[in-house]
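A.B. asks: File coords-v1.cif below, mmCIF, C-alpha atoms:
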```cif
data_protein
#
loop_
_atom_site.label_atom_id
_atom_site.label_comp_id
_atom_site.auth_asym_id
_atom_site.auth_seq_id
_atom_site.Cartn_x
_atom_site.Cartn_y
_atom_site.Cartn_z
CA MET A 202 -183.14 92.42 134.18
CA ILE A 203 -185.87 95.06 134.09
CA THR A 204 -187.53 93.41 137.08
CA LEU A 205 -184.27 93.53 139.06
CA ILE A 206 -183.79 97.23 138.24
CA LEU A 207 -187.36 98.00 139.34
CA LEU A 208 -186.86 96.08 142.56
CA LEU A 209 -183.61 97.88 143.40
CA TYR A 210 -185.18 101.25 142.59
CA ALA A 211 -188.16 100.47 144.82
CA LEU A 212 -185.87 99.49 147.69
CA TRP A 213 -183.94 102.74 147.30
CA LEU A 214 -187.15 104.78 147.40
CA CYS A 215 -188.41 102.90 150.44
CA TYR A 216 -185.16 103.59 152.27
CA HIS A 217 -185.05 107.29 151.47
CA HIS A 218 -188.74 108.23 151.36
CA GLN A 219 -192.10 107.49 152.97
CA THR A 220 -193.97 104.27 153.79
CA ALA A 221 -196.65 105.18 151.24
CA ILE A 222 -194.13 104.82 148.40
CA CYS A 223 -193.02 101.46 149.72
CA THR A 224 -196.65 100.32 149.90
CA PHE A 225 -197.24 101.49 146.33
CA PHE A 226 -194.35 99.40 144.96
CA GLU A 227 -195.30 96.46 147.15
CA ASN A 228 -198.77 96.44 145.57
CA ILE A 229 -197.27 96.70 142.06
CA PHE A 230 -194.96 93.75 142.69
CA ARG A 231 -197.85 91.69 144.02
CA ILE A 232 -199.89 92.44 140.89
CA LEU A 233 -196.93 91.47 138.70
CA GLY A 234 -196.47 88.24 140.64
CA ILE A 235 -192.98 89.18 141.85
CA LEU A 236 -194.24 89.02 145.43
CA PRO A 237 -197.01 86.77 146.83
CA LYS A 238 -200.52 88.24 146.67
CA TYR A 239 -200.50 88.45 150.46
CA PRO A 240 -197.67 89.13 152.97
CA GLN A 241 -196.49 86.25 155.15
CA LYS A 242 -196.85 88.38 158.29
CA ILE A 243 -197.83 91.89 159.27
CA SER A 244 -196.30 94.34 161.74
CA LYS A 245 -198.22 96.31 164.36
CA GLU A 246 -197.19 99.49 162.56
CA LYS A 247 -198.54 98.26 159.23
CA LEU A 248 -201.76 97.10 160.86
CA GLN A 249 -202.34 100.58 162.24
CA GLU A 250 -202.42 101.96 158.68
CA PHE A 251 -205.63 100.08 157.88
CA PRO A 252 -209.13 101.41 158.63
CA VAL A 253 -211.10 99.91 161.51
CA LYS A 254 -214.01 97.80 160.28
CA PHE A 255 -217.23 97.02 162.12
CA TYR A 256 -220.12 94.90 160.94
CA ASP A 257 -222.92 97.23 159.86
CA GLY A 258 -225.47 94.74 158.59
CA ALA A 259 -228.45 93.10 160.26
CA VAL A 260 -227.78 91.83 163.79
CA HIS A 261 -230.37 89.50 165.34
CA LEU A 262 -230.23 89.05 169.12
CA ILE A 263 -231.80 85.70 169.96
CA ASN A 264 -232.92 85.31 173.57
CA THR A 265 -236.05 83.14 173.49
CA GLU A 266 -236.62 79.53 172.43
CA GLU A 267 -239.15 80.58 169.82
CA ALA A 268 -236.73 83.06 168.26
CA ALA A 269 -233.95 80.45 168.40
CA LYS A 270 -236.09 77.94 166.52
CA LYS A 271 -236.84 80.45 163.74
CA ALA A 272 -233.23 81.63 163.51
CA VAL A 273 -231.87 78.10 163.22
CA SER A 274 -234.31 77.32 160.39
CA VAL A 275 -232.87 80.27 158.44
CA ILE A 276 -229.24 79.45 159.25
CA MET A 277 -229.65 75.81 158.21
CA LYS A 278 -230.25 76.96 154.62
CA GLU A 279 -226.73 78.42 154.44
CA THR A 280 -223.57 76.50 153.52
CA ILE A 281 -220.82 78.76 154.97
CA LEU A 282 -221.21 80.15 158.48
CA GLY A 283 -218.93 82.52 160.35
CA PHE A 284 -218.70 81.20 163.89
CA ASP A 285 -217.55 82.47 167.29
CA THR A 286 -218.40 82.48 170.99
CA GLU A 287 -217.83 84.90 173.86
CA SER A 288 -217.44 84.11 177.55
CA LYS A 289 -217.35 86.16 180.72
CA PRO A 290 -213.68 87.15 181.23
CA ALA A 291 -211.70 85.45 183.99
CA PHE A 292 -209.10 87.40 185.95
CA SER A 293 -208.02 84.89 188.61
CA LYS A 294 -205.99 81.69 188.32
CA GLY A 295 -208.27 78.69 187.88
CA GLU A 296 -211.28 80.89 187.16
CA LYS A 297 -213.14 80.05 183.96
CA TYR A 298 -216.58 80.46 182.47
CA LEU A 299 -218.59 78.68 179.82
CA PRO A 300 -219.69 80.61 176.70
CA SER A 301 -222.36 83.22 177.28
CA ILE A 302 -223.19 83.83 173.62
CA VAL A 303 -222.79 82.10 170.28
CA GLN A 304 -222.45 84.16 167.12
CA VAL A 305 -223.32 82.80 163.68
CA ALA A 306 -222.85 84.87 160.52
CA ILE A 307 -224.60 84.13 157.25
CA ALA A 308 -224.39 86.00 153.94
CA ASP A 309 -226.79 88.77 154.95
CA GLY A 310 -226.89 88.85 158.73
CA VAL A 311 -225.44 87.81 162.08
CA TYR A 312 -227.35 85.90 164.75
CA ILE A 313 -226.29 86.27 168.38
CA PHE A 314 -227.68 83.56 170.64
CA GLN A 315 -227.79 84.59 174.29
CA LEU A 316 -227.29 81.29 176.09
CA SER A 317 -228.21 82.68 179.51
CA LYS A 318 -231.73 83.24 178.16
CA ILE A 319 -232.12 80.11 176.01
CA ARG A 320 -230.42 77.98 178.71
CA GLN A 321 -229.71 75.02 176.44
CA LEU A 322 -228.25 74.06 173.08
CA LYS A 323 -231.06 71.89 171.78
CA PHE A 324 -231.76 74.21 168.83
CA LEU A 325 -228.14 75.10 168.12
CA LYS A 326 -227.11 71.44 168.07
CA ALA A 327 -228.80 71.15 164.68
CA ILE A 328 -226.24 73.64 163.34
CA PHE A 329 -223.30 72.11 165.20
CA GLU A 330 -224.05 68.64 163.81
CA CYS A 331 -225.11 69.71 160.31
CA LYS A 332 -223.18 67.96 157.51
CA THR A 333 -224.14 70.43 154.79
CA SER A 334 -222.79 73.60 156.40
CA LEU A 335 -219.22 74.66 157.08
CA LYS A 336 -218.64 76.50 160.36
CA VAL A 337 -215.51 78.66 160.08
CA GLY A 338 -213.66 80.65 162.72
CA ILE A 339 -210.41 81.40 164.54
CA ALA A 340 -209.33 78.93 167.27
CA ILE A 341 -212.68 77.26 166.68
CA ARG A 342 -211.66 74.05 168.45
CA ASP A 343 -211.63 75.89 171.78
CA ASP A 344 -215.14 77.19 171.11
CA VAL A 345 -216.40 73.68 170.39
CA LEU A 346 -214.81 72.22 173.53
CA LYS A 347 -216.36 74.89 175.73
CA LEU A 348 -219.80 74.42 174.16
CA ARG A 349 -219.60 70.66 174.69
CA ASP A 350 -219.09 71.39 178.40
CA ILE A 351 -222.58 72.91 178.34
CA GLU A 352 -224.20 70.04 176.47
CA HIS A 353 -222.77 67.13 174.51
CA PHE A 354 -223.01 67.13 170.71
CA ASN A 355 -221.11 65.64 167.79
CA PRO A 356 -219.35 68.51 165.99
CA VAL A 357 -219.42 68.30 162.21
CA GLY A 358 -218.06 70.71 159.59
CA PHE A 359 -215.98 72.99 161.82
CA LYS A 360 -212.95 74.52 160.09
CA ASP A 361 -210.20 76.60 161.71
CA ILE A 362 -209.11 79.40 159.39
CA GLY A 363 -205.69 79.32 161.03
CA ASP A 364 -205.09 75.84 159.59
CA LEU A 365 -205.77 77.16 156.09
CA THR A 366 -203.49 80.16 156.46
CA LYS A 367 -200.67 78.01 157.85
CA SER A 368 -200.82 75.98 154.64
CA LEU A 369 -200.09 79.24 152.80
CA GLY A 370 -197.04 79.91 154.94
CA ILE A 371 -198.66 82.59 157.11
CA GLU A 372 -196.91 82.81 160.47
CA GLN A 373 -199.62 84.73 162.36
CA THR A 374 -203.00 83.13 163.04
CA GLY A 375 -204.83 85.73 165.17
CA MET A 376 -207.94 87.40 163.82
CA ARG A 377 -206.52 90.94 163.88
CA ASN A 378 -203.40 89.95 161.96
CA LEU A 379 -205.23 87.82 159.41
CA ALA A 380 -207.81 90.57 158.83
CA GLY A 381 -204.94 92.93 158.08
CA ILE A 382 -203.12 90.49 155.80
CA PHE A 383 -206.10 89.36 153.73
CA LEU A 384 -208.81 92.01 154.12
CA LYS A 385 -206.67 95.14 154.62
CA CYS A 386 -208.67 96.21 157.66
CA ARG A 387 -208.28 96.44 161.42
CA ILE A 388 -210.58 94.84 163.98
CA SER A 389 -211.18 96.64 167.26
CA LYS A 390 -210.85 94.52 170.41
CA VAL A 391 -212.10 97.21 172.79
CA ALA A 392 -215.17 95.23 173.92
CA GLN A 393 -213.43 91.87 174.18
CA VAL A 394 -212.90 91.94 177.94
CA THR A 395 -216.43 92.81 178.97
CA ASP A 396 -219.07 90.84 180.85
CA TRP A 397 -220.82 88.73 178.22
CA SER A 398 -223.08 87.14 180.83
CA LEU A 399 -225.01 90.38 181.34
CA GLU A 400 -228.74 90.12 180.84
CA ASN A 401 -228.77 93.23 178.65
CA LEU A 402 -225.81 93.40 176.29
CA SER A 403 -224.70 96.85 175.17
CA THR A 404 -224.76 98.03 171.57
CA ARG A 405 -220.96 98.06 171.63
CA GLN A 406 -220.90 94.42 172.71
CA LEU A 407 -223.38 93.38 170.02
CA ILE A 408 -221.41 95.11 167.27
CA TYR A 409 -218.14 93.59 168.50
CA ALA A 410 -219.65 90.10 168.67
CA ALA A 411 -221.26 90.41 165.24
CA THR A 412 -218.03 91.71 163.72
CA ASP A 413 -216.02 88.70 164.90
CA ALA A 414 -218.42 86.22 163.31
CA TRP A 415 -218.75 88.28 160.11
CA ILE A 416 -214.98 88.72 159.74
CA SER A 417 -214.49 84.98 160.21
CA ARG A 418 -216.75 84.30 157.25
CA GLU A 419 -215.16 87.02 155.11
CA LEU A 420 -211.68 85.77 155.97
CA TYR A 421 -212.52 82.21 155.01
CA LEU A 422 -213.92 83.27 151.64
CA GLU A 423 -210.84 85.40 150.90
CA VAL A 424 -208.31 82.79 152.07
CA LYS A 425 -209.96 80.10 149.94
CA ARG A 426 -209.27 82.25 146.87
CA HIS A 427 -205.55 81.76 147.42
CA ILE A 428 -205.63 78.00 147.97
CA PRO A 429 -205.13 75.90 144.79
#
```
Can you present the structure in this file as structure tokens?
C.D. replies:
Amino acid sequence: MITLILLLYALWLCYHHQTAICTFFENIFRILGILPKYPQKISKEKLQEFPVKFYDGAVHLINTEEAAKKAVSVIMKETILGFDTESKPAFSKGEKYLPSIVQVAIADGVYIFQLSKIRQLKFLKAIFECKTSLKVGIAIRDDVLKLRDIEHFNPVGFKDIGDLTKSLGIEQTGMRNLAGIFLKCRISKVAQVTDWSLENLSTRQLIYAATDAWISRELYLEVKRHIP
């Protein structure tokens, strides 16, 4: 009975007052277990309330075979990897490009492999086929298919975060929405449609690319907390 009275009072306040009050009661009800610990979906308006997050840790740009070999040896020691790729944007029908970079996030850094410089996947294949590491990301199947168009490999341990969130009843599977739902932050997509095949990537591009891989790893860790 007390719970019902609180709920009705909260609804009345939300109707007559500000969003902040509604958010306050929403958080209280989630703590009490009256509502799920995470919303099933998030609106554009709600998403705009969250702060924009960028990765501010160590970013390693890998553009030589020697550097790739050393980076892979470090990455292979990790068990959970945030994973993503970026390709040159296509603007015409039938136009498409293979991935220009591969991003891999570990606990204390992000490695960005510039494929135009390395020119092959022979070092990265060790990660892609590794049985002891989990590669997590959004729409990760598409990334794998595109990479296999560059060079064949047998993908092992790739996990789409969207599959996990669907099992929790989440309707939205995009990175921005999931970051808002689970991490209470907003991811900027300003640099998404830029030329990733450039020889010299800008600082803005590197931060964007690193953030996507880092957020993928953070999302996976947070989502797993809610799965029995």
A.B. asks: Set the distance at 8 Å and use only C-alpha atoms: which residues neighbour A:Leu335 once local chain neighbours fewer than 3 positions away are removed? I'd like the list as a list of chain:residue names.
C.D. replies: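 Counting only C-alpha atoms, the residues come to A:Thr280, A:Ile281, A:Leu282, A:Lys332, A:Gly358, A:Phe359, A:Lys360.
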A.B. asks: Using all atoms listed in the file, which of A:Ala380, A:Glu330, A:Lys390, A:Gln249 sits nearest A:Val357?
C.D. replies: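 Using all atoms listed in the file, the shortest distance to A:Val357 belongs to A:Glu330.
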A.B. asks: So how far away is atom CA of A:Phe284 from atom CA of A:Tyr239, in Å?
C.D. replies: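 These atoms are spaced 23.8 Å apart.
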A.B. asks: Which residue gives the smallest distance to A:Thr366 among A:Glu423, A:Asp343, A:Asp396, A:Asp350, with only C-alpha atoms counted?
C.D. replies: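 Once distances to A:Thr366 are computed over only C-alpha atoms, the minimum belongs to A:Glu423.
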A.B. asks: Using all atoms listed in the file, which residues sit within 12 Å of A:Ala411 once same-chain residues fewer than 6 positions away are excluded, as number ranges by chain?
C.D. replies: A: 254-262, 283-287, 302-307, 309-314, 388, 392-393, 404-405, 417-418
A.B. asks: Enter the distance from atom CA of A:Ile362 to atom CA of A:Lys242, in Å, rounded to one decimal.
C.D. replies: 15.2 Å
A.B. asks: For A:Arg387, which residue among A:Leu348, A:Ile428, A:Ile416, A:Val275 is the nearest when counting only C-alpha atoms?
C.D. replies: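 Of all the options, A:Ile416 lies closest to A:Arg387.
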A.B. asks: Please determine, counting only C-alpha atoms, which residue among A:Leu248, A:Ile319, A:Val253, A:Ala308 has the shortest atom-to-atom distance to A:Ala268.
C.D. replies: A:Ile319
A.B. asks: Between A:Gly370, A:Pro290, A:Gly381, A:Gly375, which residue has the minimum interatomic distance to A:His427, considering only C-alpha atoms?
C.D. replies: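 Looking only at the distances to A:His427, the closest residue turns out to be A:Gly370.
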